[in-house]
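Coordinates from input00.cif are shown below (mmCIF, C-alpha atoms).
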data_query
#
loop_
_atom_site.label_atom_id
_atom_site.label_comp_id
_atom_site.auth_asym_id
_atom_site.auth_seq_id
_atom_site.Cartn_x
_atom_site.Cartn_y
_atom_site.Cartn_z
CA PHE B 1 0.00 0.00 0.00
CA PHE B 2 2.94 2.32 0.69
CA PHE B 3 4.10 2.25 -2.93
CA SER B 4 0.54 2.76 -4.14
CA ASP B 5 0.22 5.85 -1.92
CA ILE B 6 3.41 7.34 -3.41
CA HIS B 7 2.01 6.85 -6.91
CA SER B 8 -1.33 8.42 -5.99
CA ALA B 9 0.33 11.44 -4.37
CA SER B 10 2.55 12.00 -7.43
CA MET B 11 -0.40 11.86 -9.79
CA LEU B 12 -2.39 14.24 -7.59
CA LEU B 13 0.48 16.77 -7.59
CA PHE B 14 0.74 16.53 -11.36
CA LEU B 15 -2.97 17.17 -11.83
CA VAL B 16 -2.93 20.13 -9.44
CA VAL B 17 -0.10 21.77 -11.40
CA LEU B 18 -1.98 21.29 -14.67
CA VAL B 19 -5.17 22.83 -13.24
CA LEU B 20 -3.28 25.84 -11.85
CA VAL B 21 -1.50 26.48 -15.15
CA ALA B 22 -4.76 26.23 -17.11
CA SER B 23 -6.45 28.61 -14.68
CA VAL B 24 -3.69 31.22 -14.90
CA GLN B 25 -3.61 30.92 -18.72
CA SER B 26 -7.37 31.47 -18.95
CA ASN B 27 -7.38 34.45 -16.59
CA GLU B 28 -4.45 36.19 -18.25
CA ASP B 29 -5.73 35.62 -21.81
CA ASP B 30 -9.05 37.23 -20.83
CA LYS B 31 -7.37 40.47 -19.78
CA GLY B 32 -6.39 41.51 -23.33
CA TYR B 33 -2.68 42.21 -22.95
CA ASN B 34 -2.08 42.68 -26.69
CA ALA B 35 -2.18 45.99 -28.52
CA LEU B 36 -3.44 46.61 -32.07
CA HIS B 37 -1.13 47.90 -34.79
CA PHE B 38 -2.90 49.75 -37.62
CA GLY B 39 -1.47 50.02 -41.12
CA THR B 40 -1.24 53.27 -43.02
CA SER B 41 -4.04 52.67 -45.52
CA THR B 42 -7.64 53.88 -45.33
CA SER B 43 -8.65 50.21 -45.47
CA ASP B 44 -6.89 49.43 -42.15
CA TYR B 45 -9.45 49.80 -39.37
CA VAL B 46 -11.78 48.18 -36.86
CA THR B 47 -15.45 49.11 -36.74
CA PHE B 48 -18.63 47.79 -35.16
CA SER B 49 -22.10 48.96 -34.18
CA PHE B 50 -22.12 50.36 -30.69
CA ASP B 51 -24.86 51.35 -28.25
CA MET B 52 -23.96 54.49 -26.30
CA SER B 53 -26.96 54.23 -23.98
CA PRO B 54 -24.84 53.50 -20.87
CA PHE B 55 -22.93 56.73 -21.53
CA ARG B 56 -25.81 59.14 -22.16
CA ASN B 57 -25.29 60.93 -18.83
CA SER B 58 -21.54 60.65 -18.43
CA PHE B 59 -18.52 58.70 -19.58
CA SER B 60 -14.77 58.41 -19.43
CA THR B 61 -12.61 56.81 -22.07
CA CYS B 62 -8.95 55.96 -21.57
CA MET B 63 -6.35 54.43 -23.87
CA TRP B 64 -2.67 54.10 -24.65
CA ILE B 65 -1.46 55.43 -28.00
CA LYS B 66 1.80 55.02 -29.88
CA HIS B 67 2.03 57.53 -32.74
CA LEU B 68 3.98 56.05 -35.65
CA HIS B 69 2.53 57.60 -38.80
CA SER B 70 2.98 61.12 -40.16
CA SER B 71 -0.59 61.84 -41.29
CA SER B 72 -1.76 65.33 -40.43
CA ILE B 73 -4.92 64.29 -38.56
CA PRO B 74 -4.39 60.73 -37.24
CA VAL B 75 -7.85 59.65 -36.07
CA VAL B 76 -7.58 57.01 -33.34
CA VAL B 77 -11.28 56.64 -32.53
CA ASN B 78 -14.39 58.11 -34.09
CA TYR B 79 -18.05 57.67 -33.16
CA TYR B 80 -19.89 59.13 -36.11
CA THR B 81 -23.67 59.40 -36.28
CA ARG B 82 -25.79 59.27 -39.42
CA SER B 83 -27.02 62.77 -38.75
CA GLY B 84 -23.46 63.99 -39.16
CA GLY B 85 -22.65 64.44 -35.47
CA LEU B 86 -19.17 63.79 -34.09
CA ASP B 87 -20.10 62.52 -30.65
CA LEU B 88 -16.58 61.26 -30.02
CA THR B 89 -13.34 61.83 -31.91
CA ILE B 90 -9.78 61.54 -30.59
CA THR B 91 -6.66 62.03 -32.67
CA ALA B 92 -3.11 60.98 -31.83
CA ASN B 93 -1.73 64.52 -32.12
CA GLY B 94 -4.43 66.61 -30.44
CA TYR B 95 -5.73 68.08 -33.69
CA TYR B 96 -9.32 66.98 -32.99
CA THR B 97 -11.09 66.05 -29.78
CA HIS B 98 -14.86 66.01 -30.22
CA VAL B 99 -17.39 65.36 -27.45
CA VAL B 100 -21.15 65.34 -28.20
CA ASN B 101 -20.40 67.25 -31.39
CA ASP B 102 -18.53 69.97 -29.50
CA SER B 103 -15.08 71.01 -30.72
CA GLY B 104 -13.85 73.07 -27.78
CA LEU B 105 -10.95 70.67 -27.12
CA ASN B 106 -9.59 70.87 -30.66
CA SER B 107 -6.18 72.26 -31.67
CA LEU B 108 -4.14 70.99 -28.72
CA GLN B 109 -1.20 69.82 -30.82
CA SER B 110 1.22 71.82 -28.66
CA LYS B 111 0.35 69.58 -25.70
CA PHE B 112 0.95 66.30 -27.55
CA THR B 113 4.73 66.32 -27.43
CA THR B 114 5.47 62.61 -26.82
CA PRO B 115 8.03 61.52 -29.45
CA ALA B 116 6.87 59.15 -32.19
CA GLY B 117 7.29 55.52 -31.23
CA GLN B 118 6.64 56.05 -27.51
CA TRP B 119 3.47 55.12 -25.64
CA PHE B 120 1.39 57.83 -23.99
CA SER B 121 -1.88 57.77 -22.07
CA VAL B 122 -4.99 59.72 -23.10
CA CYS B 123 -8.21 59.99 -21.09
CA LEU B 124 -11.34 61.99 -21.92
CA THR B 125 -14.23 62.55 -19.49
CA TRP B 126 -17.64 64.15 -19.98
CA SER B 127 -20.71 64.81 -17.86
CA MET B 128 -24.09 66.01 -19.06
CA SER B 129 -25.07 67.42 -15.65
CA SER B 130 -21.97 69.60 -15.41
CA THR B 131 -21.68 70.05 -19.21
CA THR B 132 -17.95 69.63 -18.72
CA SER B 133 -15.42 67.67 -20.74
CA ASN B 134 -11.81 67.16 -19.63
CA LEU B 135 -8.86 65.88 -21.61
CA TYR B 136 -5.87 64.28 -19.87
CA LEU B 137 -2.47 63.42 -21.28
CA ASN B 138 -0.27 61.06 -19.26
CA GLY B 139 -2.46 61.67 -16.23
CA GLU B 140 -2.30 65.47 -16.41
CA LEU B 141 -5.23 67.73 -17.29
CA ILE B 142 -4.46 69.57 -20.53
CA GLY B 143 -7.87 70.90 -21.56
CA THR B 144 -11.36 71.65 -20.22
CA ASP B 145 -14.47 72.64 -22.17
CA GLN B 146 -18.15 73.31 -21.58
CA THR B 147 -20.53 71.43 -23.87
CA ALA B 148 -24.07 72.44 -24.79
CA SER B 149 -26.66 72.01 -22.05
CA GLY B 150 -28.86 68.92 -22.35
CA LYS B 151 -26.78 67.38 -25.09
CA SER B 152 -25.82 63.69 -24.94
CA PRO B 153 -24.33 61.07 -27.28
CA THR B 154 -26.49 59.50 -29.96
CA THR B 155 -27.69 56.13 -28.71
CA ALA B 156 -26.67 53.88 -31.59
CA ALA B 157 -24.09 54.43 -34.30
CA GLN B 158 -20.82 53.01 -35.57
CA LEU B 159 -17.60 53.09 -33.58
CA TRP B 160 -14.43 53.28 -35.67
CA PHE B 161 -10.77 52.78 -34.82
CA GLY B 162 -7.85 53.63 -37.10
CA ARG B 163 -9.41 56.21 -39.41
CA ALA B 164 -12.22 58.72 -39.83
CA SER B 165 -15.66 57.41 -40.74
CA ASN B 166 -17.45 60.33 -42.36
CA SER B 167 -16.66 62.25 -45.55
CA TRP B 168 -12.97 62.09 -44.60
CA ALA B 169 -12.94 58.29 -44.63
CA ASN B 170 -11.08 57.96 -47.92
CA SER B 171 -8.49 60.60 -47.14
CA ALA B 172 -5.02 59.39 -46.13
CA SER B 173 -4.68 62.54 -44.01
CA TYR B 174 -7.00 60.98 -41.39
CA VAL B 175 -5.31 57.57 -41.13
CA PHE B 176 -3.99 56.65 -37.67
CA GLY B 177 -1.25 54.18 -38.65
CA GLY B 178 -0.05 53.61 -35.07
CA ASP B 179 -0.57 51.31 -32.10
CA LEU B 180 -3.57 51.37 -29.78
CA TYR B 181 -3.81 49.61 -26.42
CA GLN B 182 -6.34 49.30 -23.58
CA TYR B 183 -9.11 51.44 -25.07
CA ASN B 184 -11.86 51.27 -22.44
CA MET B 185 -15.04 53.25 -21.77
CA PHE B 186 -16.48 53.78 -18.31
CA ALA B 187 -20.05 54.81 -17.49
CA GLU B 188 -18.88 57.48 -15.04
CA VAL B 189 -16.57 60.44 -14.78
CA LEU B 190 -13.31 59.06 -13.47
CA SER B 191 -11.63 61.28 -10.91
CA ALA B 192 -8.39 63.06 -11.72
CA ALA B 193 -6.68 60.89 -9.10
CA THR B 194 -7.90 57.69 -10.78
CA ILE B 195 -6.78 58.89 -14.20
CA LYS B 196 -3.35 59.74 -12.77
CA LYS B 197 -3.22 56.27 -11.22
CA ILE B 198 -3.98 54.62 -14.58
CA ALA B 199 -1.28 56.64 -16.32
CA ASP B 200 1.31 56.09 -13.59
CA GLY B 201 0.45 52.37 -13.55
CA GLY B 202 1.72 52.06 -17.11
CA LEU B 203 0.84 49.57 -19.80
CA CYS B 204 0.35 46.71 -17.32
CA PHE B 205 -2.03 48.53 -14.94
CA ASP B 206 -4.77 46.17 -13.77
CA LEU B 207 -8.21 47.68 -14.46
CA ASP B 208 -10.10 45.08 -12.40
CA GLU B 209 -10.74 47.62 -9.63
CA LEU B 210 -12.73 49.69 -12.15
CA SER B 211 -14.70 46.77 -13.55
CA GLU B 212 -18.12 47.89 -12.25
CA THR B 213 -18.41 50.80 -14.69
CA ARG B 214 -16.06 49.55 -17.44
CA VAL B 215 -18.74 48.89 -20.05
CA LEU B 216 -16.66 48.80 -23.24
CA ARG B 217 -13.62 46.62 -22.57
CA TRP B 218 -10.42 46.38 -24.59
CA GLU B 219 -10.45 42.60 -24.40
CA ASP B 220 -13.82 42.65 -26.20
CA ILE B 221 -12.53 45.02 -28.90
CA LEU B 222 -9.69 42.57 -29.62
CA LYS B 223 -12.34 39.99 -30.56
CA LYS B 224 -13.97 42.23 -33.19
CA SER B 225 -13.35 41.66 -36.90
CA ARG B 226 -10.64 43.76 -38.56
CA SER B 227 -10.24 45.24 -42.01
CA GLY B 228 -6.99 45.46 -43.91
CA SER B 229 -3.67 45.46 -42.08
CA VAL B 230 -4.56 45.43 -38.39
CA SER B 231 -2.54 43.03 -36.27
CA GLU B 232 -1.91 42.23 -32.63
CA VAL B 233 1.41 43.28 -31.13
CA THR B 234 2.81 43.35 -27.61
CA GLY B 235 1.00 45.73 -25.29
CA CYS B 236 1.95 44.87 -21.73
CA PRO B 237 5.62 43.76 -21.76
CA TRP B 238 4.93 41.66 -18.67
CA LYS B 239 2.57 39.52 -20.75
CA LYS B 240 5.42 38.68 -23.13
CA LYS B 241 7.57 37.60 -20.20
CA PHE B 242 4.62 35.64 -18.83
CA THR B 243 4.25 33.80 -22.14
CA GLU B 244 7.94 32.95 -22.15
CA SER B 245 7.61 31.69 -18.57
CA GLN B 246 4.67 29.56 -19.64
CA ALA B 247 6.81 27.91 -22.30
CA SER B 248 9.45 27.11 -19.68
CA LEU B 249 6.77 25.79 -17.36
CA ALA B 250 5.37 23.63 -20.16
CA ASP B 251 8.81 22.07 -20.60
CA ALA B 252 9.02 21.45 -16.87
CA ILE B 253 5.59 19.81 -16.89
CA GLY B 254 6.71 17.61 -19.75
CA ARG B 255 9.70 16.47 -17.72
CA LEU B 256 7.45 15.94 -14.70
CA ASN B 257 5.19 13.78 -16.83
CA GLU B 258 8.15 11.64 -17.84
CA THR B 259 9.17 11.31 -14.18
CA VAL B 260 5.65 10.23 -13.21
CA ALA B 261 5.70 7.63 -15.98
CA GLU B 262 9.03 6.28 -14.70
CA LEU B 263 7.63 6.27 -11.16
CA ASN B 264 4.65 4.28 -12.36
CA GLU B 265 6.97 1.62 -13.73
CA THR B 266 9.00 1.55 -10.49
CA VAL B 267 5.87 1.25 -8.34
CA ALA B 268 4.59 -1.57 -10.52
CA GLU B 269 7.89 -3.45 -10.17
CA LEU B 270 7.98 -2.91 -6.41
CA ASN B 271 4.38 -4.10 -6.07
CA GLU B 272 5.29 -7.27 -7.95
CA THR B 273 8.27 -7.81 -5.61
CA VAL B 274 6.11 -7.35 -2.52
CA ALA B 275 3.52 -9.74 -3.92
CA GLU B 276 6.20 -12.42 -4.30
#
Do you think you could lay out the structure here as structure tokens?
Amino acid sequence: FFFSDIHSASMLLFLVVLVLVASVQSNEDDKGYNALHFGTSTSDYVTFSFDMSPFRNSFSTCMWIKHLHSSSIPVVVNYYTRSGGLDLTITANGYYTHVVNDSGLNSLQSKFTTPAGQWFSVCLTWSMSSTTSNLYLNGELIGTDQTASGKSPTTAAQLWFGRASNSWANSASYVFGGDLYQYNMFAEVLSAATIKKIADGGLCFDLDELSETRVLRWEDILKKSRSGSVSEVTGCPWKKKFTESQASLADAIGRLNETVAELNETVAELNETVAE
């Protein structure tokens, strides 16, 4: 019985390790650690129908942007209504920032000084009750505007990433051509302290603590269909290291499996000896 107990304990340990690895893999994959790289053509974009109902009274949207392309008006995100309204537009160089068709946060290029090829954080908040919109760059407030009283986003329209969606759609001047990471929308006005925390937390900041109001999630955007040259690239560097660690762990599990098989043979031989 002693040898049988050793075998059972070894198998139990092996199964526990497999379950833990599978659990960690599932949880980490769900977090959406990859970024999206957009090509420099007007055919390189992501778009889908989107219901803005949860954000009719207030919203915050935060993202990480890496500006790589030299277009004059690189549109990162655009929520364009059929009536011609620009309820939400954010560019990678501060040229346009539209909120409920208001353009008071436009022409902030002088604030967007992060060199090309480097990540920077952008957050935009808006409240209908206060009619106030705020734009943050790397956690710092760079612009405030008052929007029209009683105005709110159109309920249903098309959300676009990577280019403009209206009459500018076929113009190369409005192509993003950069990297986008962790675009999320919250059904509340995030505090300045929270926005600073997100920016200071960097690319690997865990948004789980804000999950209650995070309605549009980056991990869901990654699952949407893509047009043209839009590919996944590394977002959180820690995820890349985690993947490499998983490969090493997989090798270790393989060796453990071989050891368990050898132990099985040994236990069987010992059981035969005891039986004799």
Using the chain letters and numbers from this file, what does the PyMOL selection byres ((chain B and resi 131-144) around 7) select? Give the answer as a PyMOL selection string. chain B and resi 105+120-130+145-149+195-196+199
Write out as an mmCIF file with C-alpha atoms, in the coordinates of the input the residues lying within 10 Å of region 66-73 of chain B, counting all atoms listed in the file and excluding same-chain residues fewer than 5 positions away.
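Here's the written file around.cif:
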data_model
loop_
_atom_site.group_PDB
_atom_site.id
_atom_site.type_symbol
_atom_site.label_atom_id
_atom_site.label_comp_id
_atom_site.auth_asym_id
_atom_site.auth_seq_id
_atom_site.Cartn_x
_atom_site.Cartn_y
_atom_site.Cartn_z
ATOM 1 C CA ALA B 35 -2.180 45.990 -28.520
ATOM 2 C CA HIS B 37 -1.130 47.900 -34.790
ATOM 3 C CA PHE B 38 -2.900 49.750 -37.620
ATOM 4 C CA GLY B 39 -1.470 50.020 -41.120
ATOM 5 C CA THR B 40 -1.240 53.270 -43.020
ATOM 6 C CA ILE B 90 -9.780 61.540 -30.590
ATOM 7 C CA THR B 91 -6.660 62.030 -32.670
ATOM 8 C CA ALA B 92 -3.110 60.980 -31.830
ATOM 9 C CA ASN B 93 -1.730 64.520 -32.120
ATOM 10 C CA GLY B 94 -4.430 66.610 -30.440
ATOM 11 C CA TYR B 95 -5.730 68.080 -33.690
ATOM 12 C CA TYR B 96 -9.320 66.980 -32.990
ATOM 13 C CA THR B 114 5.470 62.610 -26.820
ATOM 14 C CA PRO B 115 8.030 61.520 -29.450
ATOM 15 C CA ALA B 116 6.870 59.150 -32.190
ATOM 16 C CA GLY B 117 7.290 55.520 -31.230
ATOM 17 C CA GLN B 118 6.640 56.050 -27.510
ATOM 18 C CA TRP B 119 3.470 55.120 -25.640
ATOM 19 C CA PHE B 120 1.390 57.830 -23.990
ATOM 20 C CA SER B 121 -1.880 57.770 -22.070
ATOM 21 C CA ARG B 163 -9.410 56.210 -39.410
ATOM 22 C CA ALA B 164 -12.220 58.720 -39.830
ATOM 23 C CA SER B 171 -8.490 60.600 -47.140
ATOM 24 C CA ALA B 172 -5.020 59.390 -46.130
ATOM 25 C CA SER B 173 -4.680 62.540 -44.010
ATOM 26 C CA TYR B 174 -7.000 60.980 -41.390
ATOM 27 C CA VAL B 175 -5.310 57.570 -41.130
ATOM 28 C CA PHE B 176 -3.990 56.650 -37.670
ATOM 29 C CA GLY B 177 -1.250 54.180 -38.650
ATOM 30 C CA GLY B 178 -0.050 53.610 -35.070
ATOM 31 C CA ASP B 179 -0.570 51.310 -32.100
ATOM 32 C CA LEU B 180 -3.570 51.370 -29.780
ATOM 33 C CA TYR B 181 -3.810 49.610 -26.420
#
Check which residues satisfy the PyMOL selection byres ((chain B and resi 81) around 10) in the file shown, then give them as number ranges by chain. B: 78-80, 82-88, 101, 153-159, 165-166
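Nearest to Arg56 (chain B) of all the residues B:Ser152, B:Thr113, B:Ser107, B:Thr266 is B:Ser152, based on only C-alpha atoms.
Pairwise distance (CA of Val233 (chain B), CA of Val99 (chain B)) equals 29.2 Å.
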Which residues, named as in the file, does the PyMOL selection byres ((chain B and resi 220-230) around 6) pick out? Answer as a PyMOL selection string. chain B and resi 37-39+43-46+217-219+231
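Closest approach to Trp64 (chain B) among B:Ser103, B:Thr273, B:Asn170, B:Asn34: B:Asn34, based on only C-alpha atoms.
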Quick one, how far is CA of Trp168 (chain B) from CA of Ile65 (chain B)? 21.3 Å
If you measure from CA of Pro237 (chain B) to CA of Gly32 (chain B), what distance in Å do you get, rounded to one decimal?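 Distance reported for this atom pair: 12.3 Å.
Using only C-alpha atoms, the nearest neighbour of Phe59 (chain B) within the list B:Val75, B:Ser41, B:Val215, B:Phe161 is B:Val215.
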